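Student: My structure is in model-v9.csv, and what it holds is CSV, C-alpha atoms:
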chain,number,residue,atom,x,y,z
H,1,MET,CA,131.6,132.5,88.1
H,2,ALA,CA,129.6,133.1,91.3
H,3,ASP,CA,130.6,131.2,94.4
H,4,GLU,CA,127.3,129.2,94.3
H,5,ASP,CA,128.1,128.1,90.7
H,6,ALA,CA,131.7,127.3,91.6
H,7,CYS,CA,130.5,125.1,94.5
H,8,LEU,CA,128.0,123.4,92.3
H,9,SER,CA,130.6,122.7,89.7
H,10,ASP,CA,132.8,121.0,92.4
H,11,TRP,CA,129.9,118.7,93.3
H,12,LEU,CA,129.2,117.9,89.6
H,13,ILE,CA,132.9,117.1,89.1
H,14,VAL,CA,132.8,114.8,92.1
H,15,GLN,CA,129.6,113.1,90.8
H,16,HIS,CA,131.0,112.5,87.3
H,17,ALA,CA,134.5,111.3,88.5
H,18,PRO,CA,135.1,107.9,86.9
H,19,ASP,CA,135.5,104.8,89.2
H,20,LEU,CA,134.3,106.7,92.2
H,21,GLY,CA,131.7,104.6,93.9
H,22,PRO,CA,129.0,105.8,96.3
H,23,GLY,CA,130.9,104.2,99.3
H,24,GLN,CA,134.2,105.8,98.3
H,25,LEU,CA,132.5,109.2,97.9
H,26,GLN,CA,130.8,108.9,101.3
H,27,SER,CA,134.2,108.2,102.8
H,28,LEU,CA,135.7,111.2,101.1
H,29,LEU,CA,132.9,113.4,102.3
H,30,GLN,CA,133.2,112.1,105.9
H,31,LEU,CA,137.0,112.8,105.7
H,32,TYR,CA,137.0,116.2,104.0
H,33,GLY,CA,133.5,117.6,104.4
H,34,ASP,CA,132.4,118.6,101.0
H,35,ALA,CA,133.2,118.5,97.3
H,36,ARG,CA,135.3,121.7,97.3
H,37,GLN,CA,137.5,120.4,100.0
H,38,ILE,CA,138.0,117.1,98.2
H,39,ARG,CA,139.1,119.0,95.1
H,40,ALA,CA,141.4,121.2,97.1
H,41,LYS,CA,143.5,118.2,98.3
H,42,LYS,CA,146.9,117.4,96.9
H,43,ARG,CA,147.4,114.4,94.6
H,44,ALA,CA,149.5,112.7,97.3
H,45,ASP,CA,146.6,112.9,99.8
H,46,LEU,CA,144.1,111.3,97.3
H,47,SER,CA,146.6,108.7,96.3
H,48,GLU,CA,146.9,107.5,99.9
H,49,LEU,CA,143.2,106.8,99.8
H,50,LYS,CA,143.8,104.3,97.0
H,51,LEU,CA,141.8,106.2,94.4
H,52,LYS,CA,142.6,105.3,90.8
H,53,PRO,CA,144.9,107.7,88.9
H,54,THR,CA,142.0,108.4,86.4
H,55,THR,CA,139.7,109.3,89.3
H,56,ILE,CA,142.3,111.7,90.8
H,57,ASP,CA,143.1,113.3,87.4
H,58,TYR,CA,139.4,114.0,86.9
H,59,LEU,CA,138.9,115.4,90.4
H,60,LEU,CA,141.9,117.7,90.2
H,61,GLN,CA,141.5,119.1,86.7
H,62,LYS,CA,141.3,122.9,86.4
H,63,GLU,CA,139.1,123.2,83.4
H,64,LEU,CA,135.4,122.3,83.7
H,65,PRO,CA,134.7,119.1,81.8
H,66,GLU,CA,132.1,119.3,79.0
H,67,GLU,CA,129.5,117.3,80.9
H,68,VAL,CA,129.7,119.7,83.9
H,69,VAL,CA,129.4,122.7,81.6
H,70,THR,CA,126.3,121.1,80.0
H,71,ALA,CA,124.8,120.5,83.4
H,72,LEU,CA,125.4,124.1,84.5
H,73,ARG,CA,123.7,125.3,81.3
H,74,TRP,CA,120.8,123.0,82.0
H,75,THR,CA,120.1,124.9,85.2
H,76,GLU,CA,119.7,128.2,83.3
H,77,GLN,CA,116.4,126.9,81.9
H,78,SER,CA,113.2,127.8,83.8
H,79,ASP,CA,112.4,125.5,86.7
H,80,HIS,CA,115.6,123.5,86.3
H,81,GLN,CA,117.7,123.1,89.4
H,82,ILE,CA,120.6,121.0,90.7
H,83,ILE,CA,120.7,120.7,94.4
H,84,PRO,CA,123.9,119.4,96.1
H,85,VAL,CA,123.7,117.7,99.4
H,86,SER,CA,125.4,120.7,101.0
H,87,ALA,CA,122.6,123.1,100.0
H,88,ALA,CA,120.1,124.4,102.5
H,89,ASP,CA,117.2,123.3,100.4
H,90,TYR,CA,118.4,119.7,100.1
H,91,PRO,CA,115.6,117.6,101.6
H,92,ALA,CA,116.4,116.9,105.3
H,93,GLN,CA,114.5,113.7,105.2
H,94,LEU,CA,116.8,112.3,102.5
H,95,LYS,CA,119.9,113.3,104.3
H,96,THR,CA,119.2,110.7,107.0
H,97,ILE,CA,119.5,107.6,104.7
H,98,ALA,CA,122.7,105.7,104.0
H,99,LEU,CA,124.5,107.1,101.0
H,100,PRO,CA,122.3,110.1,100.2
H,101,PRO,CA,122.6,111.3,96.6
H,102,PRO,CA,125.4,113.9,96.3
H,103,VAL,CA,123.3,115.9,93.9
H,104,LEU,CA,119.6,116.0,92.8
H,105,TYR,CA,118.4,117.2,89.4
H,106,ALA,CA,115.0,118.8,89.7
H,107,ARG,CA,112.5,119.9,87.1
H,108,GLY,CA,109.5,121.8,88.5
H,109,ASN,CA,108.5,122.8,92.0
H,110,ALA,CA,111.5,121.9,94.2
H,111,SER,CA,109.9,123.3,97.3
H,112,LEU,CA,107.8,120.1,97.5
H,113,LEU,CA,111.0,118.3,98.7
H,114,GLY,CA,110.5,119.9,102.1
H,115,GLU,CA,106.8,118.9,102.4
H,116,PRO,CA,105.5,115.7,104.2
H,117,GLN,CA,105.4,112.9,101.6
H,118,LEU,CA,103.7,109.5,101.3
H,119,ALA,CA,105.2,107.1,98.7
H,120,ILE,CA,102.7,104.9,96.8
H,121,VAL,CA,104.3,102.1,94.7
H,122,GLY,CA,103.3,98.7,93.2
H,123,SER,CA,103.1,96.5,90.2
H,124,ARG,CA,103.6,97.6,86.7
H,125,ASN,CA,100.8,95.2,85.7
H,126,PRO,CA,98.2,95.7,88.3
H,127,SER,CA,94.6,94.5,88.4
H,128,ALA,CA,91.9,97.0,87.7
H,129,GLY,CA,91.1,97.1,91.4
H,130,GLY,CA,94.7,97.7,92.3
H,131,ARG,CA,94.9,100.6,89.9
H,132,ASP,CA,91.7,102.1,91.3
H,133,ASN,CA,93.0,101.7,94.9
H,134,ALA,CA,96.2,103.5,94.0
H,135,ARG,CA,94.3,106.3,92.4
H,136,GLN,CA,91.8,106.7,95.2
H,137,PHE,CA,94.3,106.5,98.0
H,138,ALA,CA,96.6,109.0,96.3
H,139,HIS,CA,93.6,111.4,95.7
H,140,HIS,CA,92.6,111.2,99.4
H,141,PHE,CA,96.0,111.8,100.8
H,142,SER,CA,96.9,114.5,98.3
H,143,HIS,CA,93.6,116.3,99.0
H,144,ALA,CA,94.4,116.1,102.7
H,145,GLY,CA,97.7,117.9,102.1
H,146,LEU,CA,100.4,115.2,101.7
H,147,VAL,CA,102.7,115.1,98.7
H,148,ILE,CA,102.4,111.8,96.8
H,149,THR,CA,105.8,110.4,95.7
H,150,SER,CA,106.3,107.6,93.3
H,151,GLY,CA,108.4,106.4,90.4
H,152,LEU,CA,106.5,107.4,87.2
H,153,ALA,CA,106.4,103.7,86.1
H,154,LEU,CA,103.6,102.0,84.4
H,155,GLY,CA,100.8,100.6,86.5
H,156,ILE,CA,100.5,101.6,90.2
H,157,ASP,CA,103.1,104.4,90.1
H,158,GLY,CA,101.3,106.1,87.2
H,159,ALA,CA,97.9,105.6,88.9
H,160,ALA,CA,99.2,107.2,92.1
H,161,HIS,CA,100.5,110.3,90.2
H,162,GLU,CA,97.1,110.5,88.4
H,163,GLY,CA,95.2,110.3,91.7
H,164,ALA,CA,97.2,113.1,93.2
H,165,LEU,CA,96.5,115.3,90.2
H,166,ILE,CA,92.7,114.9,90.3
H,167,ASP,CA,92.3,118.0,92.4
H,168,LYS,CA,95.6,119.5,91.3
H,169,GLY,CA,97.4,118.0,94.3
H,170,ALA,CA,101.2,117.8,94.7
H,171,THR,CA,103.2,114.9,93.4
H,172,ILE,CA,106.8,114.0,92.9
H,173,ALA,CA,108.0,111.6,90.2
H,174,VAL,CA,111.5,110.1,91.0
H,175,MET,CA,113.2,108.9,87.9
H,176,ALA,CA,116.0,106.4,87.2
H,177,THR,CA,117.1,108.3,84.1
H,178,GLY,CA,118.7,111.7,83.5
H,179,ALA,CA,116.5,114.7,83.9
H,180,ASP,CA,116.6,115.2,80.2
H,181,ARG,CA,115.3,111.7,79.5
H,182,LEU,CA,111.8,110.3,80.1
H,183,TYR,CA,111.0,106.7,80.8
H,184,PRO,CA,108.6,105.1,80.0
H,185,ALA,CA,107.8,107.1,76.9
H,186,LYS,CA,104.1,106.3,77.4
H,187,HIS,CA,104.1,108.6,80.4
H,188,LYS,CA,105.2,111.7,78.6
H,189,LYS,CA,101.8,113.3,79.0
H,190,LEU,CA,101.7,112.4,82.6
H,191,ALA,CA,105.1,113.9,83.2
H,192,GLU,CA,103.9,117.1,81.5
H,193,SER,CA,100.8,117.2,83.6
H,194,ILE,CA,102.9,116.8,86.8
H,195,LEU,CA,104.9,119.9,85.7
H,196,GLU,CA,101.9,121.9,84.6
H,197,ASN,CA,100.3,121.3,88.0
H,198,ASP,CA,103.3,122.5,90.0
H,199,GLY,CA,104.7,119.1,90.7
H,200,LEU,CA,108.3,117.9,90.4
H,201,LEU,CA,110.4,115.5,88.4
H,202,LEU,CA,113.5,114.4,90.3
H,203,THR,CA,116.6,112.2,89.7
H,204,GLU,CA,120.1,111.8,91.0
H,205,MET,CA,121.3,110.6,87.6
H,206,PRO,CA,123.5,112.8,85.4
H,207,LEU,CA,122.0,114.2,82.3
H,208,GLY,CA,121.9,111.8,79.4
H,209,THR,CA,121.5,108.7,81.6
H,210,GLN,CA,119.5,106.0,79.9
H,211,PRO,CA,117.1,103.6,81.8
H,212,LEU,CA,119.3,100.7,82.8
H,213,PRO,CA,117.9,97.9,85.0
H,214,GLU,CA,120.4,98.4,87.8
H,215,LEU,CA,119.5,102.0,88.3
H,216,PHE,CA,115.9,101.4,89.4
H,217,PRO,CA,116.7,99.9,92.8
H,218,GLN,CA,119.0,102.9,93.3
H,219,ARG,CA,116.1,105.2,92.4
H,220,ASN,CA,113.8,103.3,94.9
H,221,ARG,CA,115.9,104.3,97.9
H,222,ILE,CA,115.1,108.0,97.1
H,223,ILE,CA,111.4,107.3,96.8
H,224,SER,CA,111.4,105.8,100.3
H,225,GLY,CA,114.0,108.1,101.7
H,226,LEU,CA,111.9,111.2,100.9
H,227,SER,CA,108.8,109.8,102.4
H,228,LEU,CA,107.3,109.4,105.9
H,229,GLY,CA,106.0,106.0,104.8
H,230,VAL,CA,105.5,103.7,101.8
H,231,LEU,CA,102.2,102.2,100.7
H,232,VAL,CA,102.5,99.1,98.6
H,233,VAL,CA,99.2,98.6,96.6
H,234,GLU,CA,100.0,95.5,94.6
H,235,ALA,CA,103.3,93.6,94.1
H,236,ALA,CA,104.6,90.2,93.1
H,237,ILE,CA,107.0,88.4,95.4
H,238,ARG,CA,109.9,89.4,93.2
H,239,SER,CA,109.4,93.0,92.4
H,240,GLY,CA,111.0,96.5,92.7
H,241,SER,CA,108.1,97.5,95.1
H,242,LEU,CA,109.3,95.0,97.7
H,243,ILE,CA,112.8,96.4,97.3
H,244,THR,CA,111.4,99.8,98.0
H,245,ALA,CA,109.6,98.4,101.1
H,246,ARG,CA,112.8,96.8,102.3
H,247,LEU,CA,114.7,100.0,101.9
H,248,ALA,CA,111.9,102.0,103.7
H,249,SER,CA,112.2,99.6,106.6
H,250,GLU,CA,115.9,99.9,106.7
H,251,GLN,CA,115.6,103.7,106.6
H,252,GLY,CA,113.1,103.7,109.5
H,253,ARG,CA,110.1,104.6,107.4
H,254,GLU,CA,106.6,103.1,107.9
H,255,VAL,CA,105.6,100.4,105.5
H,256,PHE,CA,101.9,99.8,104.6
H,257,ALA,CA,100.4,97.1,102.4
H,258,ILE,CA,96.9,96.5,101.0
H,259,PRO,CA,95.8,92.9,101.1
H,260,GLY,CA,94.2,91.2,98.2
H,261,SER,CA,92.7,88.0,96.9
H,262,ILE,CA,94.7,84.9,97.6
H,263,HIS,CA,94.2,84.0,93.9
H,264,ASN,CA,95.8,87.3,92.7
H,265,PRO,CA,99.6,86.8,92.2
H,266,GLN,CA,100.0,90.6,92.4
H,267,ALA,CA,98.8,90.4,96.0
H,268,ARG,CA,101.4,88.0,97.2
H,269,GLY,CA,104.0,90.6,97.7
H,270,CYS,CA,101.7,92.6,99.9
H,271,HIS,CA,100.8,89.5,102.0
H,272,TYR,CA,104.5,88.8,102.4
H,273,LEU,CA,105.1,92.3,103.7
H,274,ILE,CA,102.2,92.1,106.1
H,275,ARG,CA,103.7,88.8,107.5
H,276,GLN,CA,107.0,90.6,107.9
H,277,GLY,CA,105.4,93.4,110.0
H,278,ALA,CA,104.0,95.9,107.5
H,279,LYS,CA,100.7,97.5,108.6
H,280,LEU,CA,97.7,96.0,106.9
H,281,VAL,CA,95.7,98.8,105.3
H,282,GLU,CA,91.9,98.7,104.7
H,283,SER,CA,91.3,102.5,104.7
H,284,ALA,CA,93.1,105.8,104.6
H,285,GLU,CA,92.6,106.2,108.3
H,286,ASP,CA,94.9,103.2,109.0
H,287,ILE,CA,97.7,105.2,107.5
H,288,LEU,CA,96.8,108.5,109.0
H,289,GLU,CA,96.6,107.0,112.4
H,290,GLU,CA,100.1,105.6,112.1
H,291,LEU,CA,101.6,108.8,110.7
H,292,ALA,CA,99.7,111.1,113.0
H,293,PRO,CA,102.7,111.9,115.4
H,294,GLN,CA,105.0,112.6,112.5
H,295,LEU,CA,102.5,114.7,110.6
H,296,ARG,CA,101.7,116.8,113.6
H,297,ASP,CA,105.4,117.4,114.1
H,298,ARG,CA,106.1,118.2,110.4
H,299,LEU,CA,103.1,120.5,109.9
H,300,GLN,CA,103.9,122.4,113.1
H,301,PHE,CA,100.4,123.6,113.7
H,302,ARG,CA,99.8,121.8,117.0
H,303,PRO,CA,103.2,121.3,118.8
H,304,GLU,CA,101.4,121.0,122.2
H,305,LEU,CA,99.3,118.0,121.2
H,306,GLU,CA,99.5,115.1,123.5
H,307,THR,CA,98.6,111.5,122.9
H,308,GLN,CA,95.0,110.9,123.8
H,309,ALA,CA,92.4,108.1,123.4
H,310,LYS,CA,90.6,107.9,120.1
H,311,SER,CA,87.3,108.7,121.8
H,312,SER,CA,88.7,112.0,123.2
H,313,LYS,CA,89.1,115.0,120.9
H,314,PRO,CA,91.8,117.5,121.9
H,315,ALA,CA,90.7,121.1,122.4
H,316,LEU,CA,91.2,123.1,119.3
H,317,ASP,CA,93.2,126.3,119.1
H,318,GLU,CA,91.8,129.5,117.7
H,319,ASP,CA,92.8,128.9,114.0
H,320,HIS,CA,91.5,125.3,113.9
H,321,SER,CA,88.2,126.4,115.6
H,322,ARG,CA,87.8,129.2,113.1
H,323,LEU,CA,88.3,126.7,110.2
H,324,LEU,CA,85.9,124.2,111.7
H,325,ASN,CA,83.3,126.9,112.1
H,326,ALA,CA,83.8,127.9,108.5
H,327,ILE,CA,82.8,124.4,107.4
H,328,GLY,CA,79.4,124.8,108.9
H,329,HIS,CA,77.0,121.9,108.6
H,330,ASP,CA,77.2,121.2,104.8
H,331,ALA,CA,80.1,119.6,102.8
H,332,VAL,CA,82.5,122.2,101.5
H,333,THR,CA,85.6,122.3,99.2
H,334,VAL,CA,89.0,123.7,100.1
H,335,ASP,CA,88.4,126.7,97.8
H,336,GLN,CA,85.2,127.5,99.7
H,337,LEU,CA,87.1,127.3,103.0
H,338,VAL,CA,89.8,129.6,101.6
H,339,ASP,CA,87.1,132.2,100.8
H,340,ARG,CA,85.3,131.8,104.1
H,341,SER,CA,88.3,131.7,106.5
H,342,GLY,CA,90.9,133.9,104.9
H,343,PHE,CA,93.6,131.2,105.2
H,344,SER,CA,95.7,130.2,102.2
H,345,SER,CA,95.0,127.0,100.3
H,346,LYS,CA,98.1,125.4,101.8
H,347,GLU,CA,97.1,126.4,105.4
H,348,VAL,CA,93.6,125.1,104.9
H,349,SER,CA,94.8,121.7,103.5
H,350,SER,CA,97.3,121.3,106.4
H,351,MET,CA,94.7,122.2,109.1
H,352,LEU,CA,92.1,119.9,107.5
H,353,LEU,CA,94.6,117.1,107.8
H,354,ILE,CA,95.0,117.8,111.5
H,355,LEU,CA,91.3,118.1,112.0
H,356,GLU,CA,90.8,114.8,110.2
H,357,LEU,CA,93.5,113.1,112.3
H,358,GLU,CA,91.7,114.3,115.4
H,359,GLY,CA,88.3,113.1,114.2
H,360,HIS,CA,86.7,116.5,113.7
H,361,VAL,CA,86.1,116.3,110.0
H,362,GLN,CA,86.0,113.7,107.2
H,363,SER,CA,86.8,113.8,103.5
H,364,GLU,CA,84.1,112.9,101.0
H,365,ALA,CA,83.9,112.1,97.3
H,366,GLY,CA,84.4,114.9,94.9
H,367,GLY,CA,87.0,116.8,97.0
H,368,PHE,CA,84.5,117.8,99.8
H,369,PHE,CA,85.0,117.9,103.5
H,370,SER,CA,82.3,117.8,106.2
H,371,ARG,CA,82.1,117.8,110.0
H,372,LYS,CA,82.1,114.4,111.7
H,373,SER,CA,79.1,113.7,113.9
H,374,ILE,CA,80.1,113.5,117.6
Output the file's structure in the form of structure tokens.
Tutor:
Amino acid sequence: MADEDACLSDWLIVQHAPDLGPGQLQSLLQLYGDARQIRAKKRADLSELKLKPTTIDYLLQKELPEEVVTALRWTEQSDHQIIPVSAADYPAQLKTIALPPPVLYARGNASLLGEPQLAIVGSRNPSAGGRDNARQFAHHFSHAGLVITSGLALGIDGAAHEGALIDKGATIAVMATGADRLYPAKHKKLAESILENDGLLLTEMPLGTQPLPELFPQRNRIISGLSLGVLVVEAAIRSGSLITARLASEQGREVFAIPGSIHNPQARGCHYLIRQGAKLVESAEDILEELAPQLRDRLQFRPELETQAKSSKPALDEDHSRLLNAIGHDAVTVDQLVDRSGFSSKEVSSMLLILELEGHVQSEAGGFFSRKSI
């Protein structure tokens, strides 16, 4: 077995070890460094840490357990990947949270994990307006170059994924089940569409895990942990979306909420968040303004940018000037700008986001961009 597979099998054994809670695992990792070092310890060392005998037996066994063999075989399929926390391609943003998942199971384009993400979450039973808002905001931000991250649930989550896919944008669905399971079943076609459009299905749960209620809050910390900020579109006072918002706040992420009618029970959660300090959102610009410093840093196109007044537009570098000139005076699509400028689609999307943040361009309906009048 290759060293990489051997290391992965160590992580899988640690993940599957019975009666080894997240806190205990975190303590072991802090003490010994990684899964291989944990499994290299003597029984006496692990016994001193008050691990159960069944846990120690599982960690120290020489033969690979059946569930680990099954997981390794799962990675042999196209676009199936298991990413341990020690891997170079494990998302850096997620490493900063308390108790990051020891392994991630990914189906699809795992490179999206390293891209700037905005989480959009909300009620499973939204109003028609809430559903439309989720779809439209997701479409706008996806078209601007952000990855839209949500939980594949019915309602707002599904609308957010759908909005991202309107112009074949990037979206990540974080699941509370095993990667070989899909919940809810009604979203089978949506999940397939995400994969067909170079998106990603992601989970920390072992293969075969069924959708148990207690797993969804655990899933929510990954949604917020991956993202620069969380937008709550509609939510009741007692809802998983408010759990996600609380986790986001604890993780140091930005929290945004769209206000609604005082007569809409699905708006009360958003009103509560706003009273607690979440940023009230009326337009996409409200979010872009708040995330601008992080986006500039993550996209790394303009590291020299300094904070300036809204009325002042920073001087553009050669690449951004070239793209702005390619826009001309009529609304254009990303594909047209790729043809005119010679930049890749990803470069165009990222530079358009910077130009929009700085007030040089604006996005329009139908996936078009145009210059802003000065």
Student: Tell me, in Å to one decimal, how far atom CA of Val69 of chain H is from atom CA of Met175 of chain H.
Tutor: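 Distance reported for this atom pair: 22.2 Å.
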Student: Go ahead and compute the interatomic distance for atom CA of Gly342 of chain H and atom CA of Ser321 of chain H, in Å to one decimal.
Tutor: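 Straight-line distance from atom CA of Gly342 of chain H to atom CA of Ser321 of chain H works out to 13.3 Å.
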Student: Residues around (131.1, 116.5, 81.5), cut-off 12 Å, counting all atoms listed in the file - what are they as a CSV table (one decimal) with C-alpha atoms, in the frame of the given file?
Tutor:
chain,number,residue,atom,x,y,z
H,9,SER,CA,130.6,122.7,89.7
H,10,ASP,CA,132.8,121.0,92.4
H,12,LEU,CA,129.2,117.9,89.6
H,13,ILE,CA,132.9,117.1,89.1
H,14,VAL,CA,132.8,114.8,92.1
H,15,GLN,CA,129.6,113.1,90.8
H,16,HIS,CA,131.0,112.5,87.3
H,17,ALA,CA,134.5,111.3,88.5
H,18,PRO,CA,135.1,107.9,86.9
H,58,TYR,CA,139.4,114.0,86.9
H,59,LEU,CA,138.9,115.4,90.4
H,61,GLN,CA,141.5,119.1,86.7
H,63,GLU,CA,139.1,123.2,83.4
H,64,LEU,CA,135.4,122.3,83.7
H,65,PRO,CA,134.7,119.1,81.8
H,66,GLU,CA,132.1,119.3,79.0
H,67,GLU,CA,129.5,117.3,80.9
H,68,VAL,CA,129.7,119.7,83.9
H,69,VAL,CA,129.4,122.7,81.6
H,70,THR,CA,126.3,121.1,80.0
H,71,ALA,CA,124.8,120.5,83.4
H,72,LEU,CA,125.4,124.1,84.5
H,73,ARG,CA,123.7,125.3,81.3
H,206,PRO,CA,123.5,112.8,85.4
H,207,LEU,CA,122.0,114.2,82.3
H,208,GLY,CA,121.9,111.8,79.4
Student: Between atom CA of Gly225 of chain H and atom CA of Leu49 of chain H, measure the distance and give it in Å to one decimal.
Tutor: 29.3 Å
Student: The residues within 12 Å of (108.0, 104.8, 77.8), using only C-alpha atoms and the coordinates of the file, should be reported as a list in words; which are they?
Tutor: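 Result, sorted by chain then residue number: Leu152, Ala153, Leu154, Gly158, Thr177, Arg181, Leu182, Tyr183, Pro184, Ala185, Lys186, His187, Lys188, Lys189, Leu190, Ala191, Gln210 and Pro211 of chain H.
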Student: Using all atoms listed in the file, pick whichever of H:Ile237, H:Leu201, H:Val230, H:Ala159 has the shortest atom-to-atom distance to Ile287 of chain H.
Tutor: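 When distances to Ile287 of chain H are compared using all atoms listed in the file, the smallest one comes from H:Val230.
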Student: Just the residues within 10 Å of Phe369 of chain H, please, counting only C-alpha atoms, with nothing from its chain fewer than 4 positions along; format it as a ChimeraX atom specification.
Tutor: /H:143-144,327,330-334,337,352,356,361-365
Student: Which is closest to Ser249 of chain H among H:Ile97, H:Asp339, H:Pro213, H:Gly114, if we use all atoms listed in the file?
Tutor: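 The closest residue to Ser249 of chain H is H:Ile97.
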Student: Please provide the set of residues having any atom within 12 Å of Leu247 of chain H, restricted to all atoms listed in the file, with same-chain residues fewer than 5 positions apart removed, written as a compact mmCIF listing (two decimals) with C-alpha atoms, keeping the file's coordinate frame.
Tutor:
# COMPACT_ATOMS: atom_id res chain seq x y z
CA ILE H 97 119.50 107.60 104.70
CA ALA H 98 122.70 105.70 104.00
CA PRO H 217 116.70 99.90 92.80
CA GLN H 218 119.00 102.90 93.30
CA ARG H 219 116.10 105.20 92.40
CA ASN H 220 113.80 103.30 94.90
CA ARG H 221 115.90 104.30 97.90
CA ILE H 222 115.10 108.00 97.10
CA ILE H 223 111.40 107.30 96.80
CA SER H 224 111.40 105.80 100.30
CA GLY H 225 114.00 108.10 101.70
CA LEU H 226 111.90 111.20 100.90
CA SER H 227 108.80 109.80 102.40
CA GLY H 229 106.00 106.00 104.80
CA VAL H 230 105.50 103.70 101.80
CA GLY H 240 111.00 96.50 92.70
CA SER H 241 108.10 97.50 95.10
CA LEU H 242 109.30 95.00 97.70
CA GLY H 252 113.10 103.70 109.50
CA ARG H 253 110.10 104.60 107.40
CA GLU H 254 106.60 103.10 107.90
CA VAL H 255 105.60 100.40 105.50
Student: Using all atoms listed in the file, which protein or nucleic acid residues come within 12 Å of Glu196 of chain H? Drop anything in the same chain fewer than 2 positions from it, and give the result as number ranges by chain.
Tutor: H: 79, 107-109, 165, 168-171, 189-194, 198-201
Student: What's around Phe343 of chain H at 12 Å? Count all atoms listed in the file, leave out sequence neighbours fewer than 3 positions away in its own chain, and write the answer as a PDB file with C-alpha atoms, in the frame of the given file.
Tutor:
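Saved the output as around.pdb:
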ATOM      1  CA  ASP H 319      92.800 128.900 114.000  1.00  0.00           C
ATOM      2  CA  HIS H 320      91.500 125.300 113.900  1.00  0.00           C
ATOM      3  CA  ARG H 322      87.800 129.200 113.100  1.00  0.00           C
ATOM      4  CA  LEU H 323      88.300 126.700 110.200  1.00  0.00           C
ATOM      5  CA  ALA H 326      83.800 127.900 108.500  1.00  0.00           C
ATOM      6  CA  VAL H 334      89.000 123.700 100.100  1.00  0.00           C
ATOM      7  CA  ASP H 335      88.400 126.700  97.800  1.00  0.00           C
ATOM      8  CA  GLN H 336      85.200 127.500  99.700  1.00  0.00           C
ATOM      9  CA  LEU H 337      87.100 127.300 103.000  1.00  0.00           C
ATOM     10  CA  VAL H 338      89.800 129.600 101.600  1.00  0.00           C
ATOM     11  CA  ASP H 339      87.100 132.200 100.800  1.00  0.00           C
ATOM     12  CA  ARG H 340      85.300 131.800 104.100  1.00  0.00           C
ATOM     13  CA  LYS H 346      98.100 125.400 101.800  1.00  0.00           C
ATOM     14  CA  GLU H 347      97.100 126.400 105.400  1.00  0.00           C
ATOM     15  CA  VAL H 348      93.600 125.100 104.900  1.00  0.00           C
ATOM     16  CA  SER H 349      94.800 121.700 103.500  1.00  0.00           C
ATOM     17  CA  SER H 350      97.300 121.300 106.400  1.00  0.00           C
ATOM     18  CA  MET H 351      94.700 122.200 109.100  1.00  0.00           C
ATOM     19  CA  LEU H 352      92.100 119.900 107.500  1.00  0.00           C
TER      20      LEU H 352
END
Student: Which residues are near Lys50 of chain H? Cut-off 12 Å, all atoms listed in the file, ignore same chain within fewer than 3 positions. Put them as a list of chain:residue names.
Tutor: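 Those residues are H:Asp19, H:Leu20, H:Gln24, H:Ser27, H:Leu28, H:Arg43, H:Ala44, H:Asp45, H:Leu46, H:Ser47, H:Pro53, H:Thr54, H:Thr55, H:Ile56.
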Student: Let's have the selection written as a compact mmCIF listing (two decimals), in the coordinates of the input, with C-alpha atoms.
Tutor:
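selection_27.txt was written with the following content:
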# COMPACT_ATOMS: atom_id res chain seq x y z
CA ASP H 19 135.50 104.80 89.20
CA LEU H 20 134.30 106.70 92.20
CA GLN H 24 134.20 105.80 98.30
CA SER H 27 134.20 108.20 102.80
CA LEU H 28 135.70 111.20 101.10
CA ARG H 43 147.40 114.40 94.60
CA ALA H 44 149.50 112.70 97.30
CA ASP H 45 146.60 112.90 99.80
CA LEU H 46 144.10 111.30 97.30
CA SER H 47 146.60 108.70 96.30
CA PRO H 53 144.90 107.70 88.90
CA THR H 54 142.00 108.40 86.40
CA THR H 55 139.70 109.30 89.30
CA ILE H 56 142.30 111.70 90.80
Student: Find, counting all atoms listed in the file, the residue in H:Asp167, H:Glu250, H:Asp180, H:Asp317 that gets nearest to Ala106 of chain H.
Tutor: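 Of H:Asp167, H:Glu250, H:Asp180, H:Asp317, the one nearest Ala106 of chain H is H:Asp180, counting all atoms listed in the file.
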Student: Of the candidates H:Thr75, H:Thr209, H:Val121, H:Leu94, which one gets nearest to Ile258 of chain H if we count all atoms listed in the file?
Tutor: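 The closest residue to Ile258 of chain H is H:Val121.
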Student: Which one is closest to Leu357 of chain H: H:Ser86, H:Ser345, H:His329, H:Leu288? Count only C-alpha atoms.
Tutor: H:Leu288
